[in-house]
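Student: Dropping in input-v6.cif, which is mmCIF, C-alpha atoms:
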```cif
data_data
loop_
_atom_site.label_atom_id
_atom_site.label_comp_id
_atom_site.auth_asym_id
_atom_site.auth_seq_id
_atom_site.Cartn_x
_atom_site.Cartn_y
_atom_site.Cartn_z
CA MET A 6 42.50 7.30 8.88
CA ALA A 7 40.79 9.57 6.35
CA THR A 8 40.90 6.81 3.73
CA LYS A 9 39.25 4.33 6.11
CA ALA A 10 36.54 6.84 6.98
CA LEU A 11 35.88 7.51 3.29
CA THR A 12 35.73 3.79 2.53
CA LYS A 13 33.33 3.26 5.41
CA GLN A 14 31.17 6.14 4.18
CA LYS A 15 31.07 4.71 0.64
CA ALA A 16 30.11 1.27 1.99
CA ALA A 17 27.28 2.82 4.01
CA SER A 18 26.07 4.67 0.92
CA VAL A 19 26.05 1.44 -1.10
CA GLU A 20 24.07 -0.37 1.60
CA ALA A 21 21.59 2.52 1.76
CA ARG A 22 20.99 2.34 -2.00
CA LYS A 23 20.62 -1.44 -1.82
CA PHE A 24 18.07 -1.11 0.98
CA ILE A 25 15.94 1.45 -0.88
CA THR A 26 16.20 -0.58 -4.10
CA ARG A 27 14.96 -3.68 -2.27
CA VAL A 28 11.99 -1.77 -0.87
CA TYR A 29 10.79 -0.55 -4.25
CA ALA A 30 11.59 -3.86 -5.95
CA TRP A 31 9.44 -5.83 -3.48
CA MET A 32 6.67 -3.26 -3.75
CA THR A 33 6.72 -3.40 -7.56
CA LEU A 34 6.67 -7.19 -7.53
CA ALA A 35 3.68 -7.20 -5.15
CA LEU A 36 1.76 -4.74 -7.35
CA PHE A 37 2.46 -6.86 -10.40
CA ILE A 38 1.26 -10.04 -8.66
CA SER A 39 -1.91 -8.36 -7.38
CA GLY A 40 -2.72 -6.75 -10.72
CA ALA A 41 -2.01 -9.86 -12.78
CA LEU A 42 -4.03 -12.12 -10.49
CA ALA A 43 -6.93 -9.65 -10.35
CA TRP A 44 -7.03 -9.50 -14.16
CA ILE A 45 -6.84 -13.30 -14.53
CA ILE A 46 -9.66 -13.88 -12.03
CA SER A 47 -11.83 -11.20 -13.64
CA ASN A 48 -11.46 -12.94 -17.01
CA THR A 49 -12.27 -16.38 -15.62
CA PRO A 50 -16.02 -16.32 -14.86
CA SER A 51 -16.00 -19.65 -13.04
CA ILE A 52 -13.36 -18.44 -10.57
CA LEU A 53 -14.88 -14.95 -10.31
CA ASN A 54 -18.30 -16.39 -9.44
CA LEU A 55 -16.73 -18.80 -6.98
CA VAL A 56 -14.93 -15.96 -5.19
CA TRP A 57 -17.83 -13.53 -5.16
CA LYS A 58 -20.83 -15.85 -4.81
CA SER A 59 -21.41 -14.62 -1.25
CA LYS A 60 -21.89 -10.93 -0.45
CA TYR A 61 -19.79 -11.46 2.66
CA VAL A 62 -16.72 -12.63 0.76
CA PHE A 63 -15.43 -9.11 0.13
CA TYR A 64 -15.67 -8.16 3.78
CA GLY A 65 -14.10 -11.46 4.78
CA LEU A 66 -11.15 -10.80 2.50
CA ALA A 67 -10.87 -7.20 3.70
CA VAL A 68 -10.84 -8.28 7.34
CA GLY A 69 -8.29 -10.98 6.49
CA GLU A 70 -5.99 -8.35 4.98
CA ILE A 71 -6.27 -6.15 8.06
CA ILE A 72 -5.51 -9.09 10.34
CA PHE A 73 -2.50 -9.95 8.20
CA VAL A 74 -1.04 -6.44 8.52
CA PHE A 75 -1.37 -6.53 12.32
CA TRP A 76 0.14 -10.04 12.41
CA PHE A 77 3.00 -9.09 10.11
CA THR A 78 3.79 -6.01 12.19
CA ALA A 79 3.83 -8.12 15.37
CA VAL A 80 6.12 -10.89 14.08
CA ILE A 81 8.42 -9.09 11.63
CA GLU A 82 11.29 -8.97 14.15
CA LYS A 83 10.99 -12.69 14.96
CA ILE A 84 10.66 -14.30 11.55
CA LYS A 85 13.36 -14.99 8.95
CA PRO A 86 13.76 -12.79 5.85
CA VAL A 87 12.51 -15.56 3.54
CA THR A 88 9.41 -15.97 5.71
CA ALA A 89 8.78 -12.22 5.51
CA VAL A 90 9.02 -12.37 1.72
CA ILE A 91 6.65 -15.36 1.45
CA ALA A 92 4.16 -13.67 3.78
CA PHE A 93 4.28 -10.45 1.76
CA ILE A 94 3.73 -12.32 -1.50
CA PHE A 95 0.80 -14.14 0.10
CA TYR A 96 -0.67 -10.75 1.07
CA SER A 97 -0.31 -9.49 -2.50
CA ILE A 98 -2.11 -12.61 -3.74
CA LEU A 99 -4.90 -12.10 -1.20
CA ASN A 100 -5.23 -8.49 -2.26
CA GLY A 101 -5.22 -9.53 -5.91
CA VAL A 102 -8.32 -11.65 -5.26
CA THR A 103 -10.02 -8.63 -3.71
CA LEU A 104 -9.01 -6.33 -6.56
CA SER A 105 -10.52 -8.68 -9.14
CA ALA A 106 -13.87 -7.01 -8.42
CA ILE A 107 -12.76 -3.69 -9.94
CA PHE A 108 -12.40 -5.27 -13.40
CA ALA A 109 -16.00 -6.44 -13.17
CA ILE A 110 -17.25 -3.01 -12.07
CA PHE A 111 -15.15 -0.41 -13.92
CA LYS A 112 -14.23 0.10 -17.57
CA LEU A 113 -10.75 -1.13 -18.45
CA ASN A 114 -9.49 2.17 -19.92
CA SER A 115 -10.69 3.97 -16.78
CA ILE A 116 -8.75 1.55 -14.56
CA TYR A 117 -5.57 2.01 -16.61
CA LEU A 118 -5.84 5.81 -16.62
CA ILE A 119 -6.43 6.06 -12.88
CA PHE A 120 -3.61 3.59 -12.22
CA LEU A 121 -1.28 5.89 -14.20
CA VAL A 122 -2.49 8.97 -12.32
CA SER A 123 -2.05 7.10 -9.02
CA ALA A 124 1.50 6.12 -10.00
CA LEU A 125 2.37 9.75 -10.79
CA MET A 126 0.88 11.02 -7.53
CA PHE A 127 2.62 8.27 -5.57
CA ALA A 128 5.95 9.02 -7.26
CA ALA A 129 5.64 12.75 -6.56
CA MET A 130 4.92 12.20 -2.85
CA SER A 131 7.63 9.55 -2.58
CA VAL A 132 10.21 11.94 -4.04
CA TYR A 133 9.02 14.62 -1.65
CA GLY A 134 9.40 12.20 1.25
CA MET A 135 12.95 11.36 0.16
CA PHE A 136 14.26 14.90 -0.05
CA THR A 137 12.12 17.03 2.25
CA LYS A 138 13.78 18.63 5.27
CA THR A 139 10.42 18.93 7.03
CA HIS A 140 10.00 16.78 10.14
CA ILE A 141 7.25 14.55 8.75
CA ASN A 142 7.38 12.33 11.85
CA SER A 143 5.50 15.04 13.74
CA PHE A 144 2.50 14.37 11.46
CA PHE A 145 2.06 10.79 12.67
CA ARG A 146 -0.26 11.66 15.55
CA TYR A 147 -2.56 13.58 13.23
CA LEU A 148 -2.42 10.85 10.59
CA SER A 149 -3.43 8.28 13.20
CA MET A 150 -6.38 10.41 14.25
CA LEU A 151 -7.41 10.88 10.63
CA MET A 152 -7.21 7.13 9.94
CA ILE A 153 -9.38 6.36 12.95
CA GLY A 154 -11.86 8.99 11.81
CA LEU A 155 -12.01 7.50 8.33
CA VAL A 156 -12.65 4.01 9.69
CA ILE A 157 -15.50 5.33 11.84
CA ALA A 158 -16.90 7.29 8.88
CA PHE A 159 -16.72 4.19 6.67
CA VAL A 160 -18.62 2.11 9.22
CA ILE A 161 -21.29 4.80 9.60
CA ASN A 162 -21.68 5.12 5.84
CA TRP A 163 -22.02 1.36 5.53
CA PHE A 164 -25.41 1.83 7.17
CA LEU A 165 -26.28 5.24 5.71
CA LYS A 166 -25.21 4.36 2.14
CA SER A 167 -24.82 8.06 1.32
CA ASP A 168 -23.17 8.83 -2.02
CA ILE A 169 -22.09 12.28 -0.86
CA PHE A 170 -20.59 10.89 2.35
CA SER A 171 -18.84 8.19 0.32
CA TRP A 172 -17.36 10.84 -1.99
CA ILE A 173 -16.04 12.82 0.98
CA ILE A 174 -14.49 9.69 2.50
CA SER A 175 -12.75 8.85 -0.78
CA PHE A 176 -11.49 12.43 -1.23
CA VAL A 177 -10.04 12.53 2.29
CA SER A 178 -8.56 9.05 1.74
CA VAL A 179 -6.61 10.26 -1.29
CA ILE A 180 -5.09 13.06 0.77
CA LEU A 181 -4.37 10.70 3.68
CA PHE A 182 -2.59 8.09 1.57
CA MET A 183 -0.59 10.75 -0.27
CA ILE A 184 0.69 12.11 3.04
CA LEU A 185 1.34 8.56 4.25
CA THR A 186 3.40 7.92 1.12
CA ALA A 187 5.67 10.85 1.95
CA TYR A 188 5.79 9.83 5.62
CA ASP A 189 6.62 6.18 4.94
CA THR A 190 9.20 7.09 2.29
CA ASN A 191 10.88 9.43 4.74
CA LYS A 192 11.03 6.61 7.31
CA ILE A 193 12.54 4.27 4.73
CA VAL A 194 15.23 6.79 3.80
CA LYS A 195 16.15 7.29 7.46
CA ALA A 196 16.27 3.51 7.95
CA SER A 197 18.52 3.15 4.90
CA GLU A 198 21.12 5.36 6.56
CA LEU A 199 21.63 2.62 9.17
CA ALA A 200 21.29 -0.36 6.81
CA ASP A 201 24.13 -2.86 7.07
CA GLY A 202 22.93 -5.76 4.92
CA SER A 203 21.92 -7.84 7.93
CA ASP A 204 18.78 -9.97 8.15
CA THR A 205 17.16 -7.24 10.23
CA TYR A 206 17.38 -4.77 7.38
CA LYS A 207 16.42 -7.35 4.78
CA LYS A 208 13.18 -7.84 6.73
CA ALA A 209 12.84 -4.08 7.17
CA SER A 210 12.96 -3.66 3.39
CA VAL A 211 10.03 -6.06 3.02
CA TYR A 212 8.08 -4.24 5.72
CA GLY A 213 8.81 -0.91 4.04
CA ALA A 214 7.57 -2.36 0.76
CA LEU A 215 4.33 -3.42 2.48
CA GLU A 216 3.76 0.10 3.79
CA LEU A 217 4.33 1.70 0.39
CA TYR A 218 2.22 -0.99 -1.31
CA ILE A 219 -0.71 -0.18 1.00
CA ASP A 220 -0.22 3.55 0.36
CA PHE A 221 -0.30 3.05 -3.41
CA ILE A 222 -3.36 0.80 -3.33
CA GLY A 223 -5.08 3.32 -1.06
CA ILE A 224 -4.48 6.16 -3.52
CA PHE A 225 -5.55 4.02 -6.47
CA LEU A 226 -8.80 2.71 -4.96
CA SER A 227 -9.77 6.13 -3.60
CA LEU A 228 -9.26 7.77 -7.00
CA LEU A 229 -11.10 4.91 -8.68
CA LYS A 230 -14.03 5.46 -6.34
CA LEU A 231 -14.05 9.18 -7.16
CA PHE A 232 -13.43 9.16 -10.90
CA GLY A 233 -13.72 5.60 -12.18
CA ARG A 234 -16.21 5.02 -14.98
CA GLU A 235 -18.40 2.06 -14.26
CA LYS A 236 -19.53 -0.40 -16.92
CA ASP A 237 -23.02 0.05 -18.34
#
```
What does the file become when written as structure tokens?
Tutor:
Amino acid sequence: MATKALTKQKAASVEARKFITRVYAWMTLALFISGALAWIISNTPSILNLVWKSKYVFYGLAVGEIIFVFWFTAVIEKIKPVTAVIAFIFYSILNGVTLSAIFAIFKLNSIYLIFLVSALMFAAMSVYGMFTKTHINSFFRYLSMLMIGLVIAFVINWFLKSDIFSWIISFVSVILFMILTAYDTNKIVKASELADGSDTYKKASVYGALELYIDFIGIFLSLLKLFGREKD
């Protein structure tokens, strides 16, 4: 009986590690796709001009990404794992098109440095989320309120065009996405404890990767807005 229990425990531990590995593997792949595509577009003037010839393109892409996240959240339980993967890759491609603008605005060494800083901050908060004994789930209500507040502030500043207000929004965004990184990582770890290798958990690993991907991009763009050095 003890041997069976130990074997079952080891199998659960293996599945948990596989689940977490899948999450970070999908997230890493998505970041690579987005970054590579953004760099390629930024170095191809014809494509860059085609994408950004209208001032409404950026907002159209941004709205499209938001719609995708809501759609993905709504259908994740109904679709097949391969469909979830294809959809996630499509999202990373869409985001890569949006990110192409940063290469046209900011100096390359500044982008690389802030990406490294973002990766370190993300890693630190992710590790915290994995091992903390604090009940991070209790923060969700406050995080939701903060996110709504930031959206409202962003809309207001779209009309005000205040540099100081923009700086405050970016600073708060860094803090928000750092906390979200710990929160989402903690959720992923708890989910891994129940992982059994089924299609449900294969899809859950893709969804977890999407959450962490958004957290990382949020940290990166907020830091870039605060400390990025623009081209002359």
Student: Near A:Leu215, within 10 Å and counting only C-alpha atoms, which residues show up once chain neighbours fewer than 3 positions away are dropped, as a list in words?
Tutor: Val28, Tyr29, Trp31, Met32, Ala35, Val74, Phe77, Phe93, Ile94, Tyr96, Ser97, Ala209, Ser210, Val211, Tyr212, Tyr218, Ile219, Asp220 and Phe221 of chain A
Student: I need the output of the PyMOL selection byres ((chain A and resi 227) around 12) for this file as a PyMOL selection string; which residues are they?
Tutor: chain A and resi 116+119-120+122-123+171-183+219-226+228-233
Student: So how many Å separate atom CA of A:Thr190 and atom CA of A:Thr33, to one decimal?
Tutor: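 Computing the Euclidean distance for atom CA of A:Thr190 and atom CA of A:Thr33 yields 14.6 Å.
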Student: Please write as a list of chain:residue names the list of polymer residues whose atoms come within 8 Å of (-3.6, -7.8, 0.0), counting all atoms listed in the file and keeping to the coordinates of the file.
Tutor: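 Every polymer residue passing the test: A:Ser39, A:Glu70, A:Phe95, A:Tyr96, A:Ser97, A:Ile98, A:Leu99, A:Asn100, A:Gly101, A:Thr103.
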Student: For A:Ile193, which residue among A:Met135, A:Ala92, A:Leu155, A:Leu148 is the nearest when counting only C-alpha atoms?
Tutor: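 Closest to A:Ile193 of all the choices is A:Met135.
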